[in-house]
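Engineer: Below is the structure I would like to discuss, written out as structure tokens.
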There are 2 protein chains.
Amino acid sequence: MTQRVTLTDVSRAAGVGIATVSRAMGDHPDVSTATRDRIRTIAQELGYRPSVAARALRRGGFHAISVIVPDNQWGWWEPVAHACIETAAAAGYQVLVHPVGGAEGALADAITGLSNVPTEGVIVISVPDQKSVRDACDRIGIPGVAIDDSSVDIYFPSISAANYAGAREVAEHLVAIGRSRIVFVRPRLSGGASVWGDSFYVQEREKAYRDVLVSAGISIDEHLIIDTEFDESASGCPELGELLDRESSVDAVFCAFDQLAPTVLRELATRGRRVPDDIAVAGFDDERTAVLVTPQLTTARQPYAQMGRTAAELLLQSLSETPPAIQRYEFPTQLIVRASTRTHPS
Amino acid sequence: MTQRVTLTDVSRAAGVGIATVSRAMGDHPDVSTATRDRIRTIAQELGYRPSVAARALRRGGFHAISVIVPDNQWGWWEPVAHACIETAAAAGYQVLVHPVGGAEGALADAITGLSNVPTEGVIVISVPDQKSVRDACDRIGIPGVAIDDSSVDIYFPSISAANYAGAREVAEHLVAIGRSRIVFVRPRLSGGASVWGDSFYVQEREKAYRDVLVSAGISIDEHLIIDTEFDESASGCPELGELLDRESSVDAVFCAFDQLAPTVLRELATRGRRVPDDIAVAGFDDERTAVLVTPQLTTARQPYAQMGRTAAELLLQSLSETPPAIQRYEFPTQLIVRASTRTHPS
DNA sequence: TTGTAGGCGTTATCAG
DNA sequence: CTGATAACGCCTACAA
């Protein structure tokens with residue numbers, strides 16, 4: 001079942017030169033319609049398929065780029081990848097998607113492995129450590145673009161949502177509906193490297209939360225900022241539970257991202273706190289979680305499609321003569337108000 | 001930023017023949033350690049990277065296979081893809097993942113497009129129409145394997161969970177916990193091609209439901225078999241609502257797959273029916289939905305990893321001299337009991 | 001309009 | 001152990 005039929009085979013069968021076959025197969029103008037059709041028929045019969053390798057060797061490139069996606073996050077990145085694919089396709093590029101696990105070094109290894117893959121550049125989604133990724137890219141000599149990286153320092157064009165501005169909107173919404181004792185829930189990593197820990201965007205969101213509260217004349221209570229395991233299938237959020245035991249006044253919870261909400265909501269349900277009447281809950285991302293939980297979640301929608309499109313554009317530009325600037329490219333989020341927040345009835 | 005440094009460049013810089021460089025770069029035995037190290041150093045300095053295309057041309061293949069995954073289903077397929085990747089890697093194959101949308105013909109187009117990609121075979125996940133897929137594969141001359149296809153007729157080795165047996169387990173569980181008025185919820189497609197409609201596996205699950213009830217001496221009430229939109233973010237399930245208005249005796253709901261459960265649960269919550277005390281709810285797949293909803297869902301877990309592994313094995317076998325039989329390969333599911341089902345308290 | 005020949009970067013073969 | 005050289009399959013000047 002190997003690659004068998006070549007241009008030469010077809011040319012022999014058709015009794016013409018190899019070049020004529022090549023021209024007939026492509027849409028070359030310098031071929032009489034008659035011979036072209038004849039050759040195409042013969043090629044068809046012989047089952048001729050052009051060799052991607054030979055073509056790429058000749059043309060100097062495959063016109064393919066890679067997107068590395070996290071393989072453990074249930075596909076929130078799919079709209080991003082989709083936009084990358086669309087954009088790349090419009091420029092005549094194929095997109096290869098590589099799911100990669102979150103283990104220490106897995107990302108760098110995956111990129112190093114790309115040296116055996118016909119790809120000319122890489123878009124990395126959700127980067128914990130840009131430095132090592134950059135090194136890996138340098139090693140195999142392809143350009144990279146990062147999406148939603150959590151690094152504080154950047155070595156790539158780096159695309160993200162406007163985390164600070166978006167989180168401000170969420171916090172302002174909570175204040176606007178009359179909440180003042182607002183808990184901020186951050187992720188804690190269960191041992192190992194800090195994938196989420198002090199990530200840049202969690203920092204940005206927390207900063208927004210603090211700033212909004214202060215602007216609204218609400219003093220920051222550090223006890224209301226809690227860290228919890230990131231395990232959306234857990235039966236509850238013990239840290240929140242303990243807090244509620246001590247602080248009966250809590251009237252809202254702002255989750256650093258949507259995936260922290262399921263356990264928060266379960267904890268509240270267990271304790272008989274009604275959402276949103278007793279406690280309003282909001283998240284960030286507008287990831288699938290937001291519509292699956294009950295009540296559905298108020299959140300900041302990340303402009304996934306726009307981010308993906310931009311990533312592809314920047315990467316393609318990196319392949320050109322004039323690479324783009326290494327900086328952050330931020331895109332505004334959109335506040336989506338759903339059933340989990342509402343004006344305080346009291 | 002193009003491919004620049006070649007073997008020739010390195011050989012000139014090192015003052016040796018091109019063949020020696022080639023040997024030094026690979027792990028060829030016929031090279032003195034001294035020259036090998038020297039050449040590698042020089043290659044490093046020059047930034048030499050082997051050309052994937054040239055190598056593939058020479059060797060006659062990339063040893064890569066493709067996996068086509070649905071790009072609109074939130075990544076339930078990731079464990080499948082992961083298993084494919086592991087298995088293929090063990091056999092020295094790269095895996096290229098291609099997310100493809102569900103539009104009519106998109107799948108066939110995507111496969112046709114693979115003729116520009118260095119791939120030797122394709123695993124297609126979630127196939128609505130095997131015939132067109134098979135035609136596309138034939139056109140570009142590569143073998144295929146289907147996972148979780150919903151076709152009634154098959155043209156490929158076709159891998160799936162044991163839908164009938166698994167659904168029997170779920171239904172038997174519902175009966176065992178004392179439920180007898182069990183609703184079966186099927187998906188309805190909102191216009192257009194029948195991606196879900198009469199899919200093979202929904203049929204199988206329904207058949208299991210019917211058989212189990214009959215075996216248990218429960219007569220089938222056709223009114224309890226309902227069709228609903230497949231929209232997990234909808235605020236409720238009107239068809240179930242109407243049914244509950246008429247039939248107060250309903251004590252369980254079996255969703256044809258997990259993603260139908262969120263709306264069912266929302267409908268029940270709206271109507272004040274408690275889950276699982278009043279009504280038990282079960283699904284099928286053990287997809288992410290099952291753990292995100294509250295209460296978490298009893299369901300049949302599909303053996304995703306095993307399915308992916310088998311798919312890769314069958315595809316690699318298709319590339320060999322002795323292709324596998326074109327038949328269904330089924331793997332048993334596992335009943336996962338969670339909070340949404342429990343013995344009837346009454 | 002068609003055929004010939006050369007080269008893309010590797011690897012394998014065969015001499016030295 | 002090393003060096004020249006011939007493919008791999010395609011594309012494209014250039015010549016006919």
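Identifiers for the structure tokens are assigned positionally: chains receive A, B, ... in sequence, residues are indexed from 1 per chain, and ligands are indexed from 1 in the order shown.
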Check every residue of chain A for an atom within 8 Å of chain B, counting only C-alpha atoms, and provide those that qualify as an NGL selection string.

Structural biologist: :A and (1-3 or 47 or 49 or 52-54 or 56-57 or 60-61 or 71-72 or 74-76 or 78 or 82 or 94-99 or 115-118 or 140-141 or 232-233 or 262 or 266 or 288-289 or 291-294 or 319-321)

Engineer: For the selection just defined, write its residues with C-alpha atoms to a file, as a JSON list (two decimals), in the first residue's frame.

Structural biologist:
```json
[["chain", "number", "residue", "atom", "x", "y", "z"],
["A", 1, "MET", "CA", 0.00, 0.00, 0.00],
["A", 2, "THR", "CA", 2.99, 2.24, -0.49],
["A", 3, "GLN", "CA", 3.43, 5.25, -2.69],
["A", 47, "GLY", "CA", -4.07, 5.86, -9.10],
["A", 49, "ARG", "CA", -1.01, 10.73, -6.25],
["A", 52, "VAL", "CA", 3.94, 15.53, -0.79],
["A", 53, "ALA", "CA", 7.56, 15.04, 0.16],
["A", 54, "ALA", "CA", 8.99, 15.62, -3.28],
["A", 56, "ALA", "CA", 7.79, 20.08, -0.50],
["A", 57, "LEU", "CA", 11.43, 19.45, -1.17],
["A", 60, "GLY", "CA", 11.03, 24.43, -0.03],
["A", 61, "GLY", "CA", 8.28, 24.04, 2.47],
["A", 71, "ASP", "CA", -4.81, 17.93, 26.28],
["A", 72, "ASN", "CA", -6.35, 18.06, 29.71],
["A", 74, "TRP", "CA", -11.63, 19.67, 27.82],
["A", 75, "GLY", "CA", -11.42, 21.65, 24.71],
["A", 76, "TRP", "CA", -11.99, 25.23, 25.77],
["A", 78, "GLU", "CA", -11.33, 24.67, 20.29],
["A", 82, "HIS", "CA", -10.71, 26.77, 14.76],
["A", 94, "GLN", "CA", -2.44, 23.51, 6.67],
["A", 95, "VAL", "CA", -2.72, 23.40, 10.44],
["A", 96, "LEU", "CA", -1.52, 20.51, 12.54],
["A", 97, "VAL", "CA", -2.87, 20.25, 16.03],
["A", 98, "HIS", "CA", -0.81, 18.60, 18.73],
["A", 99, "PRO", "CA", -2.43, 17.87, 22.07],
["A", 115, "SER", "CA", 11.67, 18.75, 14.13],
["A", 116, "ASN", "CA", 10.41, 15.49, 12.66],
["A", 117, "VAL", "CA", 7.15, 17.04, 11.62],
["A", 118, "PRO", "CA", 6.63, 19.00, 8.44],
["A", 140, "ILE", "CA", 14.54, 23.47, 16.02],
["A", 141, "GLY", "CA", 14.61, 26.84, 14.35],
["A", 232, "GLU", "CA", -13.94, 20.73, 38.86],
["A", 233, "SER", "CA", -15.34, 17.34, 39.74],
["A", 262, "PRO", "CA", -18.66, 23.99, 39.84],
["A", 266, "ARG", "CA", -21.70, 22.62, 44.97],
["A", 288, "ARG", "CA", -18.23, 25.50, 28.49],
["A", 289, "THR", "CA", -18.54, 25.24, 32.26],
["A", 291, "VAL", "CA", -23.43, 27.19, 30.54],
["A", 292, "LEU", "CA", -23.40, 23.69, 32.01],
["A", 293, "VAL", "CA", -23.65, 24.61, 35.65],
["A", 294, "THR", "CA", -26.91, 25.54, 37.29],
["A", 319, "LEU", "CA", 7.58, 33.39, 8.56],
["A", 320, "SER", "CA", 7.91, 36.41, 6.33],
["A", 321, "GLU", "CA", 10.61, 39.01, 5.97]]
```

Engineer: With a distance threshold of 7 Å and counting only C-alpha atoms (C1' of nucleotides), extract the residues of chain A near chain C and express them as a PyMOL selection string.

Structural biologist: chain A and resi 17+20+30-32+57-58

Engineer: Output C-alpha atoms of each residue in that selection to a file, as an mmCIF file, in the first residue's frame.

Structural biologist:
```
data_model
loop_
_atom_site.group_PDB
_atom_site.id
_atom_site.type_symbol
_atom_site.label_atom_id
_atom_site.label_comp_id
_atom_site.auth_asym_id
_atom_site.auth_seq_id
_atom_site.Cartn_x
_atom_site.Cartn_y
_atom_site.Cartn_z
ATOM 1 C CA GLY A 17 7.177 13.360 -21.379
ATOM 2 C CA THR A 20 3.779 17.245 -19.771
ATOM 3 C CA ASP A 30 0.901 25.418 -21.592
ATOM 4 C CA VAL A 31 -0.919 22.187 -22.273
ATOM 5 C CA SER A 32 -3.486 21.396 -24.893
ATOM 6 C CA LEU A 57 11.432 19.453 -1.168
ATOM 7 C CA ARG A 58 11.181 21.154 -4.501
#
```

Engineer: As a PyMOL selection string, could you give me every residue of chain D near chain B (at most 8 Å apart, counting only C-alpha atoms (C1' of nucleotides))?

Structural biologist: chain D and resi 1-3+8-9

Engineer: Could you take the residues named above and write them with N, CA and C atoms (P, O5', C5', C4', C3', O3' and C1' of nucleotides), as a compact mmCIF listing (two decimals), in the first residue's frame?

Structural biologist:
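And here's selection.txt as it stands now:
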```
# COMPACT_ATOMS: atom_id res chain seq x y z
P DC D 1 36.40 2.91 13.43
O5' DC D 1 36.53 3.71 12.11
C5' DC D 1 36.63 5.11 12.09
C4' DC D 1 37.03 5.50 10.70
C3' DC D 1 36.12 6.59 10.11
O3' DC D 1 36.90 7.78 10.04
C1' DC D 1 36.73 4.94 8.50
P DT D 2 36.22 9.14 9.93
O5' DT D 2 36.10 9.34 8.37
C5' DT D 2 37.28 9.60 7.62
C4' DT D 2 36.97 9.48 6.16
C3' DT D 2 35.92 10.48 5.65
O3' DT D 2 36.61 11.45 4.89
C1' DT D 2 35.71 8.31 4.66
P DG D 3 35.79 12.68 4.33
O5' DG D 3 35.60 12.29 2.80
C5' DG D 3 36.74 11.84 2.07
C4' DG D 3 36.34 11.55 0.64
C3' DG D 3 35.34 12.54 0.05
O3' DG D 3 35.73 12.86 -1.28
C1' DG D 3 34.43 10.35 -0.02
P DC D 8 14.83 5.92 -8.08
O5' DC D 8 14.13 6.76 -6.92
C5' DC D 8 14.05 6.27 -5.59
C4' DC D 8 13.51 7.35 -4.72
C3' DC D 8 12.43 8.20 -5.40
O3' DC D 8 11.15 7.69 -5.05
C1' DC D 8 14.01 9.55 -4.15
P DG D 9 10.12 7.40 -6.19
O5' DG D 9 9.53 8.85 -6.48
C5' DG D 9 8.75 9.49 -5.48
C4' DG D 9 8.47 10.90 -5.90
C3' DG D 9 7.77 11.04 -7.25
O3' DG D 9 6.63 11.84 -7.04
C1' DG D 9 9.67 12.44 -7.16
```

Engineer: Do you know which residues are at most 9 Å from Pro303 of chain B counting only C-alpha atoms (C1' of nucleotides), after dropping those on the same chain fewer than 6 positions away, and could you put them as number ranges by chain?

Structural biologist: B: 80, 160-161, 285, 331-334

Engineer: Quick one: write out the picked residues with N, CA and C atoms as a short mmCIF file (atom, residue, chain, number, x, y, z; two decimals), in the first residue's frame?

Structural biologist:
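Generated file (result_6.cif):
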```
data_model
loop_
_atom_site.label_atom_id
_atom_site.label_comp_id
_atom_site.auth_asym_id
_atom_site.auth_seq_id
_atom_site.Cartn_x
_atom_site.Cartn_y
_atom_site.Cartn_z
N VAL B 80 -9.24 9.78 23.47
CA VAL B 80 -9.12 8.92 22.29
C VAL B 80 -7.88 9.31 21.49
N SER B 160 -16.17 1.06 18.39
CA SER B 160 -17.12 1.76 19.24
C SER B 160 -17.22 1.06 20.58
N ALA B 161 -17.91 1.74 21.48
CA ALA B 161 -18.22 1.10 22.75
C ALA B 161 -19.34 0.09 22.50
N ASP B 285 -21.87 7.77 28.30
CA ASP B 285 -20.60 8.31 27.76
C ASP B 285 -19.56 8.54 28.84
N PHE B 331 -16.04 -2.44 22.44
CA PHE B 331 -15.38 -2.58 23.73
C PHE B 331 -16.35 -2.24 24.85
N PRO B 332 -16.29 -3.02 25.92
CA PRO B 332 -17.29 -2.87 26.98
C PRO B 332 -17.18 -1.54 27.72
N THR B 333 -18.31 -1.03 28.11
CA THR B 333 -18.35 0.18 28.92
C THR B 333 -18.34 -0.22 30.39
N GLN B 334 -18.29 0.80 31.22
CA GLN B 334 -18.28 0.53 32.67
C GLN B 334 -19.35 1.40 33.32
#
```

Engineer: Could you find all residues in segment 96-297 of chain B that DSSP calls helix (DSSP H, G or I) from the backbone, and write them as a VMD selection string?

Structural biologist: chain B and resid 106 to 116 130 to 140 163 to 176 200 to 215 222 to 224 238 to 246 258 to 270 288 to 292

Engineer: How would you write, as a count of residues only, the set of residues in segment 5-253 of chain A that DSSP gives as strand (DSSP E or B)?

Structural biologist: 40
